[in-house]
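Everything on this sheet refers to the single structure shown next.
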Amino acid sequence: MKRSNLNISLLAGLLFLLMATGCTKDFLQKPKGGAVTVDTIFHTKDQARFAVARMYSWCVRSYLPQGSTDVPRPEILTDALYIITPGYDWTNAGINAPSFKKGNMGANSNVDYGWGAGRDGEVTGGAFGWHYKGIRQANLVFKNIDMVVDADQGWKDDVKGQAIFCRALQHYELFRHYGGIPILSTALAGDGNINIPRRSVQSVVDSVVKWCDQAAGLLPATRVSSEYGMITRLAALALKSRMLLYAASPLYNTPDNMKSVISAARYGDQRDTVLCYPTYDKERWKKAYEAAWDVIQNSNAAGVAIYNTNKPDTDIGTDNYAGLGDYEAVWNVYANKELILVSTRNQDGWDWGANLTAWGKYLSSKVGAWEWGAKNNMPIEFMQLYEKRDGTKFTLPASGNDLPVDIRNFNLDPRFYQTVAYDGMFFRSASGGKYGTIPFYKAGDGFTEGALSKSDVGPDGYALDVYKFVARVDNGSWDHFAWPVFRLAEFYLSYAEALNEYNNGPNADAYKYLNEIRKRAGMPDKSGLDYQGFQAAVQNERTIELAYEGHRYNDLLRWMKAHIVLNTELRGIATTAKKGADGSLKRSWGIVPFMTQVFPVKYYYLPFISSEVSKKYLGDGVSWNGQNPGW
């Protein structure tokens with residue numbers, strides 16, 4: 001498929017235009033003494049495309065590690081990832097992860113980083129406001145696109161659909177962090193001031209759903225290959241589905257028997273409408289499964305389907321596409337049929353220019369950049385969420401004599417082996433095309449430490465490194481990765497989850513769509529479960545299938561399990577060189593502590609940055625400043 005990569009071709013022209021006019025602070029604000037105005041930008045189709053490209057750049061983001069601001073994988077906030085602290089705190093300071101994980105997050109150091117602080121060379125005043133820059137850009141595009149003189153109405157309506165979707169997507173991003181937020185459907189002045197009070201959860205959800213329906217009515221079902229990465233009708237349905245799933249979940253749609261758990265993160269009065277619905281309503285789960293079903297039903301017309309060639313396992317030692325298992329292929333094969341919407345942000349090259357996108361590969365893993373990378377350790381608490389191949393629960397033994405042999409003999413879910421690089425595994429590094437077994441081990445028994453055991457804090461021997469979205473095929477090229485904003489597997493699992501919740505137990509359809517995902521992975525079907533058993537099964541399946549794709553943090557929040565799962569000690573596996581009977585190098589291993597993670601209940605809703613709270617527009621302007629409880 002030809003790669004158009006909207007963000008590459010158009011942003012290059014946009015940057016030229018911005019440099020020529022000097023209006024880098026606000027693209028659509030007329031510069032003093034300048035000639036570039038809204039009228040000129042939206043005069044012709046070619047000029048208007050620059051505004052559309054910037055809208056995509058600000059609104060349709062990637063969660064790949066990125067930029068010069070040390071923003072790692074979002075899973076650093078969860079039980080799925082550990083990067084050595086304090087020795088490697090510099091690698092995740094851009095998301096304020098060090099203070100978050102220790103329970104010390106403050107209002108001005110929250111973990112909402114928008115699309116990355118310092119984007120396009122500018123310094124942020126807090127990611128909250130930067131979401132609204134994206135919303136403003138979308139609203140300006142929507143408002144002014146009819147001014148284009150050389151485009152037909154069909155093209156204009158298509159762009160309007162994209163703009164409405166982008167507006168909805170950034171409202172969703174704000175909602176998942178803060179709860180009820182100011183709703184903006186028109187473009188405000190470009191002075192950085194919002195001055196609109198928070199709205200209720202119901203108002204935000206209803207607005208996003210309405211906009212998704214409007215966008216779906218304007219957008220095409222499919223795109224030609226030269227428009228890959230642009231929003232489609234199915235993407236609008238997907239966003240609607242995700243929003244309604246969140247809205248039906250306990251954090252927002254709280255059952256009476258769970259209200260005491262979250263009371264420390266609620267006001268206890270009428271203001272709680274900005275945090276949740278006033279009462280629980282099971283019918284919200286019906287809306288959620290109907291919306292997920294709409295995605296599934298419309299996928300065929302969009303050319304979207306589960307990627308399944310009946311190859312569940314990646315061939316040991318493979319470094320090419322042909323050897324990939326289907327799960328690994330989903331995030332390696334560019335433009336594959338399972339992807340509904342992707343961010344092509346990283347497709348503008350891994351460079352050391354103004355945006356330092358090359359830094360992302362060094363934050364992605366140790367094996368991704370070999371000696372220079374930051375190890376993305378998988379805690380064993382997350383490892384043990386992977387079932388054994390026969391579908392039974394896995395518990396890691398306390399120690400072993402030969403890690404690579406033991407890891408294979410554990411015979412885990414094939415998705416584990418397609419996600420995690422372990423000490424002694426064969427791996428083709430993207431850095432310099434290196435081949436070989438991964439040397440994570442510490443020195444021992446006459447052997448010096450492995451080259452990849454070393455870090456800024458000395459040899460550690462940590463043995464599991466997440467390599468999902470790390471280049472190791474296609475001659476180590478990173479160009480085949482496009483971040484999956486939505487892929488179809490998510491909505492199979494959303495449908496199954498919502499059906500179980502609405503019916504107080506699984507029906508045939510719930511099993512069907514859960515087991516379709518398990519079948520692709522090479523795992524046995526689930527059957528014979530009651531409501532709680534199926535709930536646990538589908539939640540775990542979502543955790544494994546969508547691992548490291550930006551879902552874990554908000555899933556734990558919406559299920560109201562974060563205060564349980566994230567108040568725990570995280571542990572890892574460490575290996576040490578050992579001489580075998582034949583004199584060969586073996587890797588003995590044991591369980592070691594990483595850190596104790598802390599999650600106060602008030603973390604369920606992020607705090608608004610102090611500079612915005614002090615303006616007093618978020619609340620009633622009198623007795624309530626709009627800040628979330630506990631902050």
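In the structure tokens, chains take the letters A, B, ... in the order shown, each chain's residues start at 1, and ligands count up from 1 in the order shown.
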Selection near segment 328-343 of chain A, 8 Å with only C-alpha atoms, sequence-local residues under 6 positions removed, as a PyMOL selection string: chain A and resi 1+60-62+228-232+234-235+303-307+314+321+415+418-419+468-469+480-489
All alpha helix (DSSP H) residues (DSSP, backbone) inside segment 131-224 of chain A, as a VMD selection string: chain A and resid 131 to 144 153 to 178 201 to 218
Within 8 Å of segment 208-222 of chain A, counting only C-alpha atoms, which residues qualify if same-chain residues fewer than 3 places away don't, as number ranges by chain? A: 157-158, 160-162, 164-165, 168-169, 171-172, 204-205, 231-234, 236-237, 239-240, 243-244, 301-303
Give me the residues near Phe416 of chain A as JSON, numbers by chain, where near means some atom within 8 Å (using only C-alpha atoms) and where sequence neighbours in that chain fewer than 3 positions away do not count. {"A": [383, 386, 412, 413, 419, 420]}
Selection export as a JSON list (two decimals), in the first residue's frame, atoms kept: C-alpha atoms:
[["chain", "number", "residue", "atom", "x", "y", "z"],
["A", 383, "MET", "CA", 3.65, -11.55, 33.49],
["A", 386, "TYR", "CA", -0.71, -14.40, 30.89],
["A", 412, "LEU", "CA", 2.59, -19.48, 28.08],
["A", 413, "ASP", "CA", 0.03, -17.73, 25.90],
["A", 419, "THR", "CA", 5.59, -9.07, 23.38],
["A", 420, "VAL", "CA", 8.56, -9.65, 25.67]]
Write out as a count of residues only the residues lying within 6 Å of segment 253-258 of chain A, counting only C-alpha atoms and excluding same-chain residues fewer than 4 positions away. 4
Neighbours of segment 609-618 of chain A within 9 Å (only C-alpha atoms; same-chain residues fewer than 6 positions away dropped), as a list in words?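 Surrounding residues, per the criterion: Gly106, Ala107, Asn108, Ser109, Asn110, Gly125, Gly126, Ala127, Phe128, Gly129, Ile181, Pro182, Asn193, Ile194, Asn195, Ile196, Pro197, Arg198, Arg199, Trp624, Asn625, Gly626 and Gln627 of chain A.
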Kindly save the residues from that selection, with N, CA and C atoms included, as a tab-separated table (two decimals), in the first residue's frame.
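Everything below was put into out_17.tsv:
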chain	number	residue	atom	x	y	z
A	106	GLY	N	1.23	15.89	42.08
A	106	GLY	CA	0.61	17.15	42.44
A	106	GLY	C	-0.18	17.73	41.30
A	107	ALA	N	-0.91	18.80	41.57
A	107	ALA	CA	-1.75	19.42	40.55
A	107	ALA	C	-0.94	19.89	39.35
A	108	ASN	N	0.30	20.33	39.59
A	108	ASN	CA	1.11	20.84	38.50
A	108	ASN	C	2.10	19.80	37.97
A	109	SER	N	1.89	18.56	38.36
A	109	SER	CA	2.76	17.49	37.87
A	109	SER	C	1.94	16.24	37.57
A	110	ASN	N	0.75	16.46	36.97
A	110	ASN	CA	-0.08	15.29	36.71
A	110	ASN	C	0.39	14.56	35.46
A	125	GLY	N	2.07	25.13	28.90
A	125	GLY	CA	1.69	25.65	30.20
A	125	GLY	C	0.77	24.68	30.89
A	126	GLY	N	0.89	23.42	30.55
A	126	GLY	CA	0.02	22.38	31.09
A	126	GLY	C	-0.75	21.73	29.97
A	127	ALA	N	-0.77	20.39	29.98
A	127	ALA	CA	-1.39	19.66	28.88
A	127	ALA	C	-2.89	19.90	28.79
A	128	PHE	N	-3.55	20.22	29.90
A	128	PHE	CA	-4.99	20.49	29.86
A	128	PHE	C	-5.32	21.53	28.80
A	129	GLY	N	-4.61	22.64	28.82
A	129	GLY	CA	-4.86	23.69	27.84
A	129	GLY	C	-4.48	23.28	26.43
A	181	ILE	N	-15.66	18.13	31.86
A	181	ILE	CA	-14.75	19.21	31.47
A	181	ILE	C	-15.54	20.25	30.66
A	182	PRO	N	-14.97	21.43	30.44
A	182	PRO	CA	-15.65	22.40	29.57
A	182	PRO	C	-15.87	21.83	28.17
A	193	ASN	N	-7.21	31.40	26.71
A	193	ASN	CA	-8.20	31.39	27.79
A	193	ASN	C	-9.42	30.57	27.40
A	194	ILE	N	-9.86	29.70	28.30
A	194	ILE	CA	-11.03	28.86	28.04
A	194	ILE	C	-12.28	29.50	28.61
A	195	ASN	N	-12.28	29.77	29.92
A	195	ASN	CA	-13.35	30.52	30.58
A	195	ASN	C	-14.74	29.93	30.39
A	196	ILE	N	-14.81	28.62	30.32
A	196	ILE	CA	-16.09	27.91	30.24
A	196	ILE	C	-16.12	26.93	31.41
A	197	PRO	N	-17.19	26.89	32.19
A	197	PRO	CA	-17.22	25.99	33.35
A	197	PRO	C	-17.28	24.51	32.97
A	198	ARG	N	-16.95	23.68	33.92
A	198	ARG	CA	-17.06	22.23	33.73
A	198	ARG	C	-18.51	21.85	33.51
A	199	ARG	N	-18.69	20.80	32.73
A	199	ARG	CA	-20.03	20.25	32.49
A	199	ARG	C	-20.12	18.86	33.10
A	624	TRP	N	-16.85	27.42	44.69
A	624	TRP	CA	-16.20	26.20	44.19
A	624	TRP	C	-15.32	26.56	43.00
A	625	ASN	N	-14.04	26.23	43.11
A	625	ASN	CA	-13.10	26.59	42.04
A	625	ASN	C	-13.02	25.55	40.93
A	626	GLY	N	-13.74	24.43	41.05
A	626	GLY	CA	-13.78	23.42	40.00
A	626	GLY	C	-12.75	22.33	40.10
A	627	GLN	N	-11.84	22.41	41.08
A	627	GLN	CA	-10.81	21.39	41.21
A	627	GLN	C	-11.42	20.05	41.63
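Residues in contact with Asp294 of chain A at up to 9 Å, not including ones fewer than 3 positions away on its chain and judged by only C-alpha atoms, are Leu234, Leu237, Ala238, Ser241, Tyr289, Glu290, Ala291, Gln297, Asn298 and Ser299 of chain A.
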If you keep all heavy atoms, can you produce a file of those selected residues as a PDB file, in the first residue's frame?
ATOM      1  N   LEU A 234     -15.985   4.327  10.112  1.00  0.00           N
ATOM      2  CA  LEU A 234     -15.824   3.306  11.140  1.00  0.00           C
ATOM      3  C   LEU A 234     -15.046   3.851  12.338  1.00  0.00           C
ATOM      4  O   LEU A 234     -15.312   3.455  13.482  1.00  0.00           O
ATOM      5  CB  LEU A 234     -15.110   2.076  10.566  1.00  0.00           C
ATOM      6  CG  LEU A 234     -15.181   0.810  11.431  1.00  0.00           C
ATOM      7  CD1 LEU A 234     -16.627   0.341  11.597  1.00  0.00           C
ATOM      8  CD2 LEU A 234     -14.334  -0.312  10.826  1.00  0.00           C
ATOM      9  N   LEU A 237     -17.523   5.546  14.560  1.00  0.00           N
ATOM     10  CA  LEU A 237     -18.290   4.560  15.315  1.00  0.00           C
ATOM     11  C   LEU A 237     -17.449   3.951  16.429  1.00  0.00           C
ATOM     12  O   LEU A 237     -17.953   3.640  17.511  1.00  0.00           O
ATOM     13  CB  LEU A 237     -18.804   3.464  14.375  1.00  0.00           C
ATOM     14  CG  LEU A 237     -19.780   3.898  13.282  1.00  0.00           C
ATOM     15  CD1 LEU A 237     -20.173   2.708  12.417  1.00  0.00           C
ATOM     16  CD2 LEU A 237     -21.028   4.557  13.880  1.00  0.00           C
ATOM     17  N   ALA A 238     -16.157   3.789  16.172  1.00  0.00           N
ATOM     18  CA  ALA A 238     -15.257   3.223  17.177  1.00  0.00           C
ATOM     19  C   ALA A 238     -15.109   4.150  18.378  1.00  0.00           C
ATOM     20  O   ALA A 238     -15.117   3.700  19.531  1.00  0.00           O
ATOM     21  CB  ALA A 238     -13.890   2.933  16.547  1.00  0.00           C
ATOM     22  N   SER A 241     -18.205   3.985  20.429  1.00  0.00           N
ATOM     23  CA  SER A 241     -18.238   2.748  21.200  1.00  0.00           C
ATOM     24  C   SER A 241     -17.354   2.842  22.435  1.00  0.00           C
ATOM     25  O   SER A 241     -17.774   2.468  23.543  1.00  0.00           O
ATOM     26  CB  SER A 241     -17.780   1.573  20.324  1.00  0.00           C
ATOM     27  OG  SER A 241     -17.637   0.396  21.089  1.00  0.00           O
ATOM     28  N   TYR A 289     -22.976  -2.087  24.403  1.00  0.00           N
ATOM     29  CA  TYR A 289     -22.850  -3.249  23.510  1.00  0.00           C
ATOM     30  C   TYR A 289     -23.454  -2.964  22.142  1.00  0.00           C
ATOM     31  O   TYR A 289     -22.971  -3.473  21.120  1.00  0.00           O
ATOM     32  CB  TYR A 289     -23.385  -4.534  24.161  1.00  0.00           C
ATOM     33  CG  TYR A 289     -24.868  -4.807  24.153  1.00  0.00           C
ATOM     34  CD1 TYR A 289     -25.588  -5.031  22.975  1.00  0.00           C
ATOM     35  CD2 TYR A 289     -25.569  -4.915  25.355  1.00  0.00           C
ATOM     36  CE1 TYR A 289     -26.934  -5.321  22.986  1.00  0.00           C
ATOM     37  CE2 TYR A 289     -26.928  -5.210  25.382  1.00  0.00           C
ATOM     38  CZ  TYR A 289     -27.605  -5.412  24.192  1.00  0.00           C
ATOM     39  OH  TYR A 289     -28.954  -5.700  24.205  1.00  0.00           O
ATOM     40  N   GLU A 290     -24.478  -2.137  22.083  1.00  0.00           N
ATOM     41  CA  GLU A 290     -25.035  -1.780  20.768  1.00  0.00           C
ATOM     42  C   GLU A 290     -24.021  -0.983  19.944  1.00  0.00           C
ATOM     43  O   GLU A 290     -23.909  -1.187  18.728  1.00  0.00           O
ATOM     44  CB  GLU A 290     -26.321  -0.979  20.950  1.00  0.00           C
ATOM     45  CG  GLU A 290     -27.492  -1.810  21.459  1.00  0.00           C
ATOM     46  CD  GLU A 290     -28.731  -0.983  21.755  1.00  0.00           C
ATOM     47  OE1 GLU A 290     -28.618   0.254  21.910  1.00  0.00           O
ATOM     48  OE2 GLU A 290     -29.835  -1.572  21.838  1.00  0.00           O
ATOM     49  N   ALA A 291     -23.298  -0.087  20.602  1.00  0.00           N
ATOM     50  CA  ALA A 291     -22.299   0.707  19.880  1.00  0.00           C
ATOM     51  C   ALA A 291     -21.142  -0.164  19.406  1.00  0.00           C
ATOM     52  O   ALA A 291     -20.634   0.017  18.292  1.00  0.00           O
ATOM     53  CB  ALA A 291     -21.785   1.831  20.777  1.00  0.00           C
ATOM     54  N   GLN A 297     -20.511  -4.722  12.944  1.00  0.00           N
ATOM     55  CA  GLN A 297     -21.392  -4.871  11.788  1.00  0.00           C
ATOM     56  C   GLN A 297     -20.930  -4.051  10.588  1.00  0.00           C
ATOM     57  O   GLN A 297     -21.151  -4.432   9.435  1.00  0.00           O
ATOM     58  CB  GLN A 297     -22.814  -4.466  12.167  1.00  0.00           C
ATOM     59  CG  GLN A 297     -23.552  -5.479  12.992  1.00  0.00           C
ATOM     60  CD  GLN A 297     -23.922  -6.715  12.186  1.00  0.00           C
ATOM     61  OE1 GLN A 297     -23.154  -7.669  12.097  1.00  0.00           O
ATOM     62  NE2 GLN A 297     -25.101  -6.702  11.583  1.00  0.00           N
ATOM     63  N   ASN A 298     -20.315  -2.917  10.839  1.00  0.00           N
ATOM     64  CA  ASN A 298     -19.882  -2.048   9.745  1.00  0.00           C
ATOM     65  C   ASN A 298     -18.437  -2.285   9.322  1.00  0.00           C
ATOM     66  O   ASN A 298     -17.948  -1.624   8.404  1.00  0.00           O
ATOM     67  CB  ASN A 298     -20.046  -0.582  10.161  1.00  0.00           C
ATOM     68  CG  ASN A 298     -21.495  -0.123  10.112  1.00  0.00           C
ATOM     69  OD1 ASN A 298     -22.010   0.251   9.058  1.00  0.00           O
ATOM     70  ND2 ASN A 298     -22.165  -0.160  11.257  1.00  0.00           N
ATOM     71  N   SER A 299     -17.765  -3.204   9.972  1.00  0.00           N
ATOM     72  CA  SER A 299     -16.357  -3.432   9.655  1.00  0.00           C
ATOM     73  C   SER A 299     -16.157  -4.002   8.255  1.00  0.00           C
ATOM     74  O   SER A 299     -15.214  -3.620   7.550  1.00  0.00           O
ATOM     75  CB  SER A 299     -15.726  -4.352  10.698  1.00  0.00           C
ATOM     76  OG  SER A 299     -16.377  -5.615  10.736  1.00  0.00           O
TER      77      SER A 299
END
What residues in segment 472-550 of chain A get the DSSP label strand (DSSP E or B)? Please answer as a list in words.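 Put together, the selection reads Trp483, Pro484, Val485, Phe486 and Arg487 of chain A.
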